[in-house]
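Below is the file query_19.csv, which contains CSV, C-alpha atoms.
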```
chain,number,residue,atom,x,y,z
E,246,MET,CA,-73.6,94.8,53.8
E,247,ALA,CA,-75.3,92.1,55.9
E,248,SER,CA,-76.0,91.7,59.6
E,249,ILE,CA,-78.1,89.6,62.0
E,250,LYS,CA,-79.3,90.8,65.4
E,251,GLN,CA,-81.6,89.4,68.0
E,252,ARG,CA,-84.7,91.5,68.9
E,253,PRO,CA,-86.0,91.8,72.5
E,254,ASP,CA,-88.7,89.2,71.8
E,255,GLY,CA,-86.0,86.7,70.9
E,256,VAL,CA,-86.5,86.6,67.2
E,257,TRP,CA,-83.5,87.0,65.0
E,258,ARG,CA,-83.6,89.7,62.3
E,259,ALA,CA,-81.4,89.2,59.3
E,260,ARG,CA,-80.9,92.0,56.8
E,261,TYR,CA,-78.8,93.1,53.9
E,262,ARG,CA,-78.6,95.8,51.3
E,263,ASP,CA,-78.6,95.0,47.6
E,264,ALA,CA,-76.4,96.8,44.9
E,265,ALA,CA,-79.0,99.5,44.6
E,266,GLY,CA,-78.8,100.2,48.3
E,267,LYS,CA,-82.3,98.8,49.0
E,268,GLU,CA,-82.7,97.0,52.3
E,269,HIS,CA,-84.2,93.5,52.6
E,270,SER,CA,-84.9,91.6,55.8
E,271,ARG,CA,-86.4,88.4,57.2
E,272,HIS,CA,-87.0,87.1,60.7
E,273,PHE,CA,-86.1,83.7,62.1
E,274,LYS,CA,-86.5,81.9,65.3
E,275,ARG,CA,-83.0,80.6,65.2
E,276,LYS,CA,-79.8,82.5,64.4
E,277,VAL,CA,-78.4,79.6,62.4
E,278,ASP,CA,-81.4,79.8,60.0
E,279,GLY,CA,-80.9,83.5,59.5
E,280,GLN,CA,-77.2,83.2,58.9
E,281,ARG,CA,-77.9,80.4,56.3
E,282,TRP,CA,-80.3,82.7,54.5
E,283,LEU,CA,-77.7,85.6,54.4
E,284,ASP,CA,-75.0,83.1,53.2
E,285,GLU,CA,-77.3,82.1,50.3
E,286,VAL,CA,-77.9,85.7,49.4
E,287,THR,CA,-74.2,86.5,49.5
E,288,ALA,CA,-73.4,83.5,47.3
E,289,SER,CA,-76.0,84.6,44.7
E,290,VAL,CA,-74.5,88.1,44.6
E,291,ILE,CA,-71.0,86.7,44.1
E,292,THR,CA,-72.1,84.3,41.3
E,293,GLY,CA,-74.3,86.9,39.6
E,294,ARG,CA,-77.5,85.0,40.3
E,295,TYR,CA,-78.9,87.5,42.8
E,296,VAL,CA,-82.6,88.5,42.2
E,297,ASP,CA,-84.6,91.0,44.2
E,298,PRO,CA,-87.2,88.9,46.0
E,299,LYS,CA,-89.9,91.3,44.9
E,300,ALA,CA,-88.9,91.4,41.3
E,301,GLY,CA,-90.8,88.3,40.2
E,302,LYS,CA,-94.1,89.5,41.6
E,303,ILE,CA,-95.6,89.9,38.1
E,304,ALA,CA,-98.1,87.6,36.5
E,305,PHE,CA,-96.7,85.3,33.9
E,306,SER,CA,-99.3,86.5,31.4
E,307,VAL,CA,-98.3,90.2,31.9
E,308,TRP,CA,-94.6,89.3,31.5
E,309,TYR,CA,-95.2,87.1,28.5
E,310,GLU,CA,-97.1,89.8,26.6
E,311,HIS,CA,-94.4,92.4,27.5
E,312,TRP,CA,-91.7,89.9,26.3
E,313,MET,CA,-93.6,89.3,23.0
E,314,THR,CA,-93.7,93.0,22.1
E,315,ARG,CA,-89.9,93.1,22.2
E,316,GLN,CA,-89.4,90.2,19.7
E,317,VAL,CA,-88.4,90.8,16.1
E,318,TRP,CA,-90.8,88.2,14.7
E,319,ALA,CA,-93.0,87.9,11.6
E,320,ALA,CA,-96.6,88.6,12.1
E,321,GLY,CA,-97.5,84.9,12.0
E,322,THR,CA,-95.1,84.1,14.8
E,323,HIS,CA,-96.5,86.8,17.0
E,324,GLU,CA,-100.0,85.4,16.3
E,325,SER,CA,-98.9,81.9,17.2
E,326,ALA,CA,-97.2,83.0,20.4
E,327,SER,CA,-100.3,84.9,21.5
E,328,MET,CA,-102.5,81.8,21.0
E,329,ILE,CA,-100.2,79.7,23.1
E,330,LEU,CA,-100.6,82.0,26.1
E,331,ARG,CA,-104.3,81.0,26.3
E,332,SER,CA,-103.4,77.3,26.9
E,333,ILE,CA,-101.1,78.0,29.9
E,334,PRO,CA,-102.8,77.2,33.2
E,335,PHE,CA,-100.3,79.1,35.3
E,336,ALA,CA,-100.6,82.3,33.3
E,337,GLU,CA,-102.0,84.3,36.2
E,338,LYS,CA,-99.4,83.1,38.7
E,339,HIS,CA,-96.5,85.3,39.6
E,340,LEU,CA,-93.2,84.5,37.9
E,341,ASN,CA,-91.6,83.7,41.3
E,342,GLN,CA,-94.4,81.3,42.3
E,343,ILE,CA,-94.3,79.1,39.2
E,344,MET,CA,-92.7,75.7,39.9
E,345,PHE,CA,-91.3,72.9,37.9
E,346,SER,CA,-94.4,70.8,38.8
E,347,ASP,CA,-96.7,73.5,37.3
E,348,VAL,CA,-94.9,73.3,33.9
E,349,GLN,CA,-94.7,69.4,34.0
E,350,LEU,CA,-98.5,69.2,34.7
E,351,TRP,CA,-99.2,71.6,31.8
E,352,ILE,CA,-97.1,69.3,29.5
E,353,LYS,CA,-99.0,66.3,30.7
E,354,GLU,CA,-102.4,67.9,30.1
E,355,MET,CA,-101.5,68.9,26.6
E,356,SER,CA,-100.1,65.4,25.8
E,357,SER,CA,-102.8,63.2,27.4
E,358,GLY,CA,-105.9,65.4,27.9
E,359,ALA,CA,-109.3,65.0,26.4
E,360,LYS,CA,-108.0,66.3,23.1
E,361,PRO,CA,-104.2,65.4,23.1
E,362,LEU,CA,-102.0,67.5,20.9
E,363,SER,CA,-99.2,66.1,18.8
E,364,PRO,CA,-95.8,65.9,20.4
E,365,LYS,CA,-94.5,68.5,17.9
E,366,THR,CA,-97.2,71.0,18.9
E,367,VAL,CA,-96.6,70.4,22.6
E,368,ARG,CA,-92.9,71.1,22.1
E,369,ASN,CA,-93.6,74.2,20.1
E,370,ARG,CA,-95.8,75.6,23.0
E,371,TYR,CA,-93.2,74.6,25.6
E,372,ASN,CA,-90.4,76.4,23.6
E,373,PHE,CA,-92.3,79.7,23.6
E,374,ALA,CA,-92.9,79.5,27.4
E,375,ARG,CA,-89.2,78.5,28.0
E,376,MET,CA,-88.0,81.5,25.9
E,377,ALA,CA,-90.1,83.8,28.1
E,378,PHE,CA,-88.7,82.3,31.3
E,379,GLN,CA,-85.2,82.6,30.0
E,380,ALA,CA,-85.8,86.3,29.2
E,381,ALA,CA,-87.1,86.8,32.8
E,382,ILE,CA,-83.8,85.3,34.2
E,383,LYS,CA,-81.7,87.7,32.0
E,384,ASP,CA,-83.8,90.6,33.3
E,385,LYS,CA,-83.2,89.5,36.9
E,386,LEU,CA,-86.9,88.8,37.6
E,387,ILE,CA,-86.3,85.2,38.6
E,388,ALA,CA,-83.2,83.2,39.5
E,389,GLU,CA,-84.2,79.8,38.1
E,390,ASP,CA,-86.1,78.5,35.1
E,391,PRO,CA,-89.0,76.2,36.0
E,392,THR,CA,-88.9,74.7,32.5
E,393,ASP,CA,-85.5,73.1,33.1
E,394,ASP,CA,-85.5,69.3,32.9
E,395,VAL,CA,-89.2,69.1,32.1
E,396,LYS,CA,-90.0,65.8,30.3
E,397,LEU,CA,-91.5,66.3,26.9
E,398,PRO,CA,-93.4,63.8,24.7
E,399,ARG,CA,-91.2,61.9,22.2
E,400,VAL,CA,-91.4,63.1,18.6
E,401,ARG,CA,-91.4,60.5,15.9
E,402,ARG,CA,-88.2,60.3,14.0
E,403,VAL,CA,-88.3,62.2,10.7
E,404,GLU,CA,-87.9,59.1,8.5
E,405,ALA,CA,-90.8,57.5,10.3
E,406,SER,CA,-93.2,60.5,10.1
E,407,MET,CA,-92.4,62.0,6.7
E,408,ALA,CA,-94.9,61.1,4.0
E,409,ILE,CA,-93.6,61.2,0.4
E,410,PRO,CA,-95.9,60.5,-2.5
E,411,THR,CA,-94.7,58.4,-5.4
E,412,PRO,CA,-94.2,60.0,-8.9
E,413,GLU,CA,-97.3,58.0,-10.0
E,414,GLN,CA,-99.4,59.6,-7.2
E,415,VAL,CA,-98.1,63.1,-8.0
E,416,GLY,CA,-99.1,62.4,-11.6
E,417,GLU,CA,-102.6,61.5,-10.4
E,418,PHE,CA,-102.8,64.7,-8.4
E,419,LEU,CA,-102.0,66.7,-11.4
E,420,GLY,CA,-104.3,64.8,-13.7
E,421,GLU,CA,-107.3,65.1,-11.4
E,422,ALA,CA,-106.7,68.7,-10.2
E,423,PRO,CA,-109.1,71.4,-11.5
E,424,LEU,CA,-107.5,73.6,-14.1
E,425,PHE,CA,-107.2,76.6,-11.7
E,426,PHE,CA,-105.4,74.5,-9.1
E,427,ARG,CA,-103.2,72.3,-11.3
E,428,ALA,CA,-100.3,74.8,-11.7
E,429,TYR,CA,-100.3,75.4,-7.9
E,430,VAL,CA,-99.8,71.7,-7.3
E,431,ALA,CA,-97.1,71.6,-9.9
E,432,VAL,CA,-95.0,74.4,-8.4
E,433,CYS,CA,-95.2,72.7,-5.0
E,434,ALA,CA,-94.2,69.3,-6.4
E,435,PHE,CA,-91.6,70.4,-9.1
E,436,ALA,CA,-90.1,73.6,-7.6
E,437,GLY,CA,-90.4,72.7,-3.9
E,438,LEU,CA,-92.1,76.0,-2.9
E,439,ARG,CA,-93.7,76.4,0.5
E,440,LEU,CA,-97.4,77.0,0.4
E,441,GLY,CA,-97.1,80.7,1.2
E,442,GLU,CA,-94.4,81.1,-1.4
E,443,ALA,CA,-96.5,79.5,-4.1
E,444,SER,CA,-99.5,81.7,-3.2
E,445,GLY,CA,-97.3,84.8,-3.4
E,446,LEU,CA,-96.2,84.2,-7.1
E,447,GLN,CA,-96.7,86.9,-9.6
E,448,LEU,CA,-96.3,86.7,-13.4
E,449,SER,CA,-93.1,88.7,-13.2
E,450,ASP,CA,-91.5,86.0,-11.0
E,451,ILE,CA,-91.6,83.5,-13.9
E,452,ASP,CA,-88.8,83.7,-16.5
E,453,PHE,CA,-90.3,81.5,-19.3
E,454,LEU,CA,-87.1,81.9,-21.4
E,455,ARG,CA,-84.5,81.0,-18.8
E,456,LYS,CA,-86.9,78.5,-17.0
E,457,THR,CA,-86.6,80.0,-13.5
E,458,ILE,CA,-88.9,81.0,-10.7
E,459,THR,CA,-87.9,83.8,-8.4
E,460,VAL,CA,-89.1,83.5,-4.8
E,461,SER,CA,-89.3,87.0,-3.3
E,462,ARG,CA,-92.4,87.1,-1.2
E,463,GLN,CA,-94.9,84.9,0.7
E,464,VAL,CA,-98.5,85.0,1.7
E,465,GLN,CA,-99.1,84.6,5.5
E,466,GLY,CA,-102.0,84.5,7.9
E,467,GLN,CA,-104.3,82.2,9.8
E,468,THR,CA,-107.5,83.7,8.4
E,469,LYS,CA,-108.6,85.8,5.4
E,470,ALA,CA,-108.8,88.9,7.6
E,471,LYS,CA,-105.2,88.5,8.8
E,472,THR,CA,-103.7,87.5,5.5
E,473,GLU,CA,-100.8,89.6,4.4
E,474,VAL,CA,-97.9,89.6,1.9
E,475,VAL,CA,-94.5,89.5,3.5
E,476,SER,CA,-90.9,88.7,2.7
E,477,PRO,CA,-89.9,85.1,2.7
E,478,LYS,CA,-88.3,83.4,5.7
E,479,ASN,CA,-84.8,84.5,6.5
E,480,GLY,CA,-82.5,83.1,3.8
E,481,SER,CA,-85.4,81.9,1.6
E,482,GLU,CA,-85.2,84.4,-1.2
E,483,ARG,CA,-83.9,82.4,-4.1
E,484,VAL,CA,-84.1,81.6,-7.8
E,485,VAL,CA,-85.3,78.1,-8.5
E,486,TYR,CA,-84.2,76.5,-11.8
E,487,VAL,CA,-87.1,74.4,-13.1
E,488,ALA,CA,-87.8,71.9,-15.8
E,489,GLU,CA,-89.4,72.9,-19.1
E,490,PRO,CA,-92.6,70.8,-18.4
E,491,LEU,CA,-93.3,73.0,-15.4
E,492,ILE,CA,-92.8,76.2,-17.4
E,493,ASN,CA,-95.3,74.8,-19.9
E,494,ILE,CA,-97.9,74.1,-17.2
E,495,LEU,CA,-97.4,77.7,-15.9
E,496,ALA,CA,-97.7,79.1,-19.4
E,497,TYR,CA,-100.9,77.2,-20.0
E,498,HIS,CA,-102.3,78.4,-16.6
E,499,VAL,CA,-101.6,82.0,-17.6
E,500,LYS,CA,-103.3,81.5,-21.0
E,501,GLU,CA,-106.4,79.6,-19.8
E,502,VAL,CA,-106.9,80.8,-16.2
E,503,GLY,CA,-105.2,84.1,-16.4
E,504,VAL,CA,-103.7,86.4,-13.7
E,505,TRP,CA,-105.5,89.0,-11.6
E,506,GLY,CA,-104.9,92.4,-10.0
E,507,ASP,CA,-102.4,95.1,-10.9
E,508,GLU,CA,-99.6,92.8,-9.5
E,509,GLN,CA,-100.7,90.0,-11.8
E,510,TRP,CA,-101.0,87.3,-9.1
E,511,LEU,CA,-100.9,83.8,-10.5
E,512,PHE,CA,-103.1,82.1,-7.9
E,513,GLY,CA,-106.2,83.2,-6.1
E,514,THR,CA,-109.8,82.2,-5.2
E,515,GLY,CA,-112.6,84.6,-5.4
E,516,GLY,CA,-110.1,87.5,-5.5
E,517,HIS,CA,-108.5,86.4,-2.2
E,518,LEU,CA,-104.8,85.7,-1.7
E,519,TRP,CA,-105.4,83.0,0.9
E,520,HIS,CA,-103.0,80.1,0.9
E,521,ARG,CA,-105.0,78.3,3.6
E,522,MET,CA,-107.8,77.8,1.1
E,523,MET,CA,-105.3,76.0,-1.2
E,524,ALA,CA,-103.9,73.8,1.5
E,525,GLY,CA,-107.3,73.2,3.1
E,526,TYR,CA,-110.5,73.0,1.1
E,527,HIS,CA,-109.1,72.5,-2.5
E,528,TRP,CA,-106.3,70.1,-1.5
E,529,ARG,CA,-108.6,67.9,0.7
E,530,ALA,CA,-111.1,67.7,-2.2
E,531,LEU,CA,-108.3,66.6,-4.6
E,532,ARG,CA,-106.7,64.0,-2.3
E,533,GLU,CA,-110.1,62.5,-1.6
E,534,LYS,CA,-110.7,62.2,-5.3
E,535,VAL,CA,-107.4,60.5,-5.8
E,536,GLY,CA,-107.7,58.4,-2.7
E,537,ALA,CA,-104.5,59.5,-1.0
E,538,ASP,CA,-105.8,61.1,2.3
E,539,GLU,CA,-102.4,60.5,4.0
E,540,PHE,CA,-100.7,63.3,2.2
E,541,THR,CA,-100.6,67.0,2.9
E,542,LEU,CA,-99.9,69.7,0.3
E,543,HIS,CA,-96.6,70.3,2.0
E,544,ASP,CA,-95.6,66.7,1.4
E,545,LEU,CA,-95.1,67.7,-2.3
E,546,ARG,CA,-92.2,69.8,-1.1
E,547,HIS,CA,-90.7,66.6,0.4
E,548,PHE,CA,-91.3,64.9,-2.9
E,549,TYR,CA,-89.3,67.6,-4.7
E,550,ALA,CA,-86.4,67.3,-2.1
E,551,SER,CA,-86.4,63.5,-2.4
E,552,GLY,CA,-86.1,63.7,-6.1
E,553,LEU,CA,-83.1,66.1,-6.0
E,554,ILE,CA,-81.4,63.8,-3.5
E,555,ALA,CA,-82.1,60.6,-5.6
E,556,THR,CA,-80.4,62.2,-8.6
E,557,GLY,CA,-77.2,62.9,-6.6
E,558,CYS,CA,-77.6,66.5,-5.6
E,559,ASP,CA,-75.4,67.5,-2.6
E,560,VAL,CA,-76.6,69.1,0.6
E,561,VAL,CA,-75.8,72.7,-0.4
E,562,THR,CA,-77.6,72.3,-3.8
E,563,VAL,CA,-80.8,71.0,-2.0
E,564,GLN,CA,-80.5,73.7,0.7
E,565,ARG,CA,-80.5,76.5,-1.9
E,566,ALA,CA,-83.3,75.0,-4.0
E,567,LEU,CA,-85.5,74.6,-0.9
E,568,GLY,CA,-84.6,78.0,0.6
E,569,HIS,CA,-83.3,76.6,3.9
E,570,ALA,CA,-81.2,79.2,5.9
E,571,LEU,CA,-78.6,76.7,6.8
E,572,PRO,CA,-77.4,73.3,5.4
E,573,SER,CA,-77.9,71.8,8.9
E,574,ILE,CA,-81.7,72.4,8.5
E,575,THR,CA,-81.6,70.4,5.2
E,576,LEU,CA,-79.6,67.6,6.8
E,577,ASN,CA,-81.8,67.5,9.9
E,578,THR,CA,-84.9,67.1,7.7
E,579,TYR,CA,-83.7,64.9,4.9
E,580,SER,CA,-80.5,63.1,6.0
E,581,HIS,CA,-82.3,59.7,5.9
E,582,LEU,CA,-82.8,60.1,2.2
E,583,TRP,CA,-79.1,60.4,1.3
E,584,PRO,CA,-77.4,57.2,0.5
E,585,THR,CA,-75.3,55.7,3.4
E,586,ALA,CA,-71.7,54.7,3.2
E,587,GLU,CA,-72.9,51.1,2.9
E,588,ASP,CA,-75.1,52.0,-0.1
E,589,LYS,CA,-72.2,53.8,-1.8
E,590,THR,CA,-69.9,50.8,-1.2
E,591,ARG,CA,-72.4,48.3,-2.5
E,592,ALA,CA,-73.1,50.5,-5.6
E,593,ALA,CA,-69.4,50.9,-6.3
E,594,ALA,CA,-68.7,47.2,-5.9
E,595,ASN,CA,-71.7,46.4,-8.2
E,596,GLU,CA,-70.3,48.7,-10.9
E,597,MET,CA,-66.9,47.2,-10.7
E,598,MET,CA,-68.2,43.6,-10.9
E,599,THR,CA,-70.5,44.4,-13.8
E,600,THR,CA,-67.6,45.9,-15.8
E,601,ALA,CA,-65.3,43.0,-14.9
E,602,LEU,CA,-67.8,40.3,-15.7
E,603,GLU,CA,-68.7,41.7,-19.1
E,604,SER,CA,-65.4,40.3,-20.4
E,605,SER,CA,-65.6,37.0,-18.4
E,606,ALA,CA,-66.8,33.6,-19.7
E,607,ASP,CA,-70.4,33.4,-20.6
E,608,SER,CA,-71.3,30.8,-17.9
E,609,LEU,CA,-69.8,33.0,-15.1
E,610,ARG,CA,-71.5,36.1,-16.5
E,611,THR,CA,-74.8,34.4,-16.7
E,612,ILE,CA,-74.6,33.2,-13.1
E,613,ALA,CA,-73.4,36.5,-11.6
E,614,LEU,CA,-75.7,38.8,-13.6
E,615,GLY,CA,-78.7,36.6,-13.6
```

When written as structure tokens, how does the structure in this file appear?
Amino acid sequence: MASIKQRPDGVWRARYRDAAGKEHSRHFKRKVDGQRWLDEVTASVITGRYVDPKAGKIAFSVWYEHWMTRQVWAAGTHESASMILRSIPFAEKHLNQIMFSDVQLWIKEMSSGAKPLSPKTVRNRYNFARMAFQAAIKDKLIAEDPTDDVKLPRVRRVEASMAIPTPEQVGEFLGEAPLFFRAYVAVCAFAGLRLGEASGLQLSDIDFLRKTITVSRQVQGQTKAKTEVVSPKNGSERVVYVAEPLINILAYHVKEVGVWGDEQWLFGTGGHLWHRMMAGYHWRALREKVGADEFTLHDLRHFYASGLIATGCDVVTVQRALGHALPSITLNTYSHLWPTAEDKTRAAANEMMTTALESSADSLRTIALG
């Protein structure tokens, strides 16, 4: 129900009742302005976009924390989301006061401030904020999302940003790695395990006879105090079929370095299950010794994937070996490594010509085959 009436002082009072029976009103100097406001409210009710004007009077920080508590996330994701809130300059503004320009300025400050963040990090922070605004819309706290159409920094194409060491460089890493660290580097390079998965390996996960590694847990946490053992990412539980040389390296590690704890963990430093130590201090020392500072320990996983693709493995095979939840994730990450239609055509033609020329005259064969 809506109405508009003129008061004795000449001001027009427009009012309406929402679905809950609560009355809302505003005052206008002109009747046409009041009627326009009522028309907009009526349209929002009909289209399902109606929002109580007072509903969004909650600070973004309060809403964000409330929204986080409802998410079914791993502990590491909760921690990352909490850290992102500290970087949001409009955190104390009410939801219904935050504008597109506030969000765009935030993106600009992160991208070109005194300490600019990488485009990937900027997008990650933006995505968390956007999810919170989208949830506020679904809960009818705000009508529009201020993150819509925000311009984000360009992320380098995967093929341009991915660093993949050569087999010779991986050989150098293994040759120069300290004995306690060598097997860890090997499972990253020749089984494609994520760092947390490698850190979570126990002796019972290695089947030395069947030459398999079972991935059933991972180590997670930003600091030693927050480190915990959790299940792998969704869809990442798997059995990896590995080469005999890797099994030999693991057997040597067990013999010479040993395992520790009742669970018989394969890797640890000073009694701590902390994968950040592996990816940080120990890896930096190793790559500096080898002279390959451009590579991260995670790049060994890319090395493994590239090797599978180079030997003709299809998308599903690579997906299962890497523990990706969907084949699309594998394709989005490594599609540039698969041979193109042009490559396949050229290879097929080369094979046909080689076979045909083997029976041709010596002079023609010498010219064609060099």

Which residue, E:Ile303, E:Leu571, E:Leu448, E:Val415, has the smallest gap to Ile387 (chain E) when you use only C-alpha atoms? E:Ile303

Using only C-alpha atoms, which of the listed residues (E:Ala530, E:Met344, E:Ala601, E:Ala570) sits closest to Asn479 (chain E)?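 Closest residue, counting only C-alpha atoms: E:Ala570.
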
Rounded to one decimal place, report the CA of His498 (chain E)-CA of Ala443 (chain E) distance in Å.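 Atom-to-atom, CA of His498 (chain E) to CA of Ala443 (chain E), that is 13.8 Å.
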
Neighbouring residues of Ile494 (chain E) were defined as those with any atom within 9 Å, considering all atoms listed in the file; residues of the same chain fewer than 5 positions away were excluded. Please report them as a ChimeraX atom specification. /E:427-428,431,489,499

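Nearest to Trp318 (chain E) of all the residues E:Ala550, E:Val560, E:Leu567, E:Val475 is E:Val475, counting only C-alpha atoms.
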
Contacts of region 577-582 of chain E at 12 Å (all atoms listed in the file; same-chain gap of 6+ positions) as a ChimeraX atom specification: /E:402-409,546-560,563-564,567,569,571,588

Can you pull out every residue within 10 Å of Ala488 (chain E), counting all atoms listed in the file, but drop anything in the same chain fewer than 4 positions away, and send it as JSON, numbers by chain? {"E": [435, 436, 456, 457, 492, 493]}

Could you save those same residues with C-alpha atoms as a PDB file, keeping the file's coordinate frame?
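Full text of selection_4.pdb as output:
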```pdb
ATOM      1  CA  PHE E 435     -91.600  70.400  -9.100  1.00  0.00           C
ATOM      2  CA  ALA E 436     -90.100  73.600  -7.600  1.00  0.00           C
ATOM      3  CA  LYS E 456     -86.900  78.500 -17.000  1.00  0.00           C
ATOM      4  CA  THR E 457     -86.600  80.000 -13.500  1.00  0.00           C
ATOM      5  CA  ILE E 492     -92.800  76.200 -17.400  1.00  0.00           C
ATOM      6  CA  ASN E 493     -95.300  74.800 -19.900  1.00  0.00           C
TER       7      ASN E 493
END
```

Can you pull out the residues contacting region 327-330 of chain E? Cut-off 8 Å, using only C-alpha atoms, and skip same-chain residues under 2 positions away; I want them as a ChimeraX atom specification. /E:306,309-310,323-325,332-333,336,370,373

Quick one, how far is CA of Pro490 (chain E) from CA of Ala434 (chain E)? 12.2 Å

Export region 309-316 of chain E from the structure block above, keeping all heavy atoms, as a short mmCIF file (atom, residue, chain, number, x, y, z; two decimals), in the first residue's frame.
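Final file, selection-v5.cif:
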```cif
data_model
loop_
_atom_site.label_atom_id
_atom_site.label_comp_id
_atom_site.auth_asym_id
_atom_site.auth_seq_id
_atom_site.Cartn_x
_atom_site.Cartn_y
_atom_site.Cartn_z
N TYR E 309 31.15 -8.78 7.03
CA TYR E 309 32.16 -9.67 6.46
C TYR E 309 32.51 -10.79 7.43
O TYR E 309 32.58 -11.97 7.05
CB TYR E 309 33.40 -8.86 6.11
CG TYR E 309 34.47 -9.61 5.33
CD1 TYR E 309 34.39 -9.72 3.95
CD2 TYR E 309 35.55 -10.18 5.98
CE1 TYR E 309 35.37 -10.39 3.23
CE2 TYR E 309 36.54 -10.86 5.27
CZ TYR E 309 36.44 -10.96 3.89
OH TYR E 309 37.41 -11.62 3.19
N GLU E 310 32.72 -10.43 8.70
CA GLU E 310 33.07 -11.44 9.69
C GLU E 310 31.90 -12.40 9.94
O GLU E 310 32.09 -13.61 10.11
CB GLU E 310 33.50 -10.77 11.00
CG GLU E 310 34.85 -10.05 10.86
CD GLU E 310 35.27 -9.36 12.14
OE1 GLU E 310 34.43 -9.28 13.06
OE2 GLU E 310 36.43 -8.92 12.22
N HIS E 311 30.68 -11.85 9.94
CA HIS E 311 29.49 -12.69 10.09
C HIS E 311 29.37 -13.64 8.90
O HIS E 311 29.06 -14.83 9.07
CB HIS E 311 28.25 -11.81 10.19
CG HIS E 311 26.96 -12.57 10.17
ND1 HIS E 311 26.57 -13.42 11.18
CD2 HIS E 311 25.96 -12.61 9.24
CE1 HIS E 311 25.39 -13.96 10.88
NE2 HIS E 311 25.00 -13.49 9.70
N TRP E 312 29.62 -13.13 7.71
CA TRP E 312 29.55 -13.94 6.49
C TRP E 312 30.60 -15.04 6.51
O TRP E 312 30.32 -16.18 6.14
CB TRP E 312 29.73 -13.02 5.28
CG TRP E 312 30.02 -13.74 4.00
CD1 TRP E 312 29.15 -14.46 3.24
CD2 TRP E 312 31.29 -13.80 3.32
NE1 TRP E 312 29.78 -14.97 2.13
CE2 TRP E 312 31.09 -14.58 2.15
CE3 TRP E 312 32.54 -13.27 3.57
CZ2 TRP E 312 32.13 -14.85 1.25
CZ3 TRP E 312 33.57 -13.54 2.68
CH2 TRP E 312 33.35 -14.31 1.53
N MET E 313 31.81 -14.73 6.97
CA MET E 313 32.89 -15.73 7.01
C MET E 313 32.54 -16.91 7.90
O MET E 313 32.87 -18.05 7.58
CB MET E 313 34.19 -15.09 7.50
CG MET E 313 34.96 -14.32 6.46
SD MET E 313 36.67 -14.03 7.01
CE MET E 313 36.41 -13.20 8.57
N THR E 314 31.88 -16.65 9.02
CA THR E 314 31.58 -17.73 9.96
C THR E 314 30.62 -18.76 9.36
O THR E 314 30.55 -19.89 9.85
CB THR E 314 30.95 -17.17 11.26
OG1 THR E 314 29.72 -16.50 10.94
CG2 THR E 314 31.90 -16.20 11.94
N ARG E 315 29.91 -18.38 8.30
CA ARG E 315 28.95 -19.30 7.69
C ARG E 315 29.55 -20.12 6.55
O ARG E 315 28.88 -21.02 6.02
CB ARG E 315 27.75 -18.51 7.14
CG ARG E 315 26.93 -17.81 8.22
CD ARG E 315 25.74 -17.11 7.61
NE ARG E 315 26.14 -16.02 6.73
CZ ARG E 315 25.33 -15.41 5.88
NH1 ARG E 315 24.08 -15.83 5.76
NH2 ARG E 315 25.75 -14.42 5.13
N GLN E 316 30.78 -19.83 6.19
CA GLN E 316 31.38 -20.51 5.04
C GLN E 316 31.99 -21.85 5.43
O GLN E 316 32.60 -21.98 6.50
CB GLN E 316 32.46 -19.62 4.40
CG GLN E 316 31.96 -18.23 4.02
CD GLN E 316 30.68 -18.25 3.23
OE1 GLN E 316 30.57 -18.93 2.21
NE2 GLN E 316 29.68 -17.51 3.70
#
```
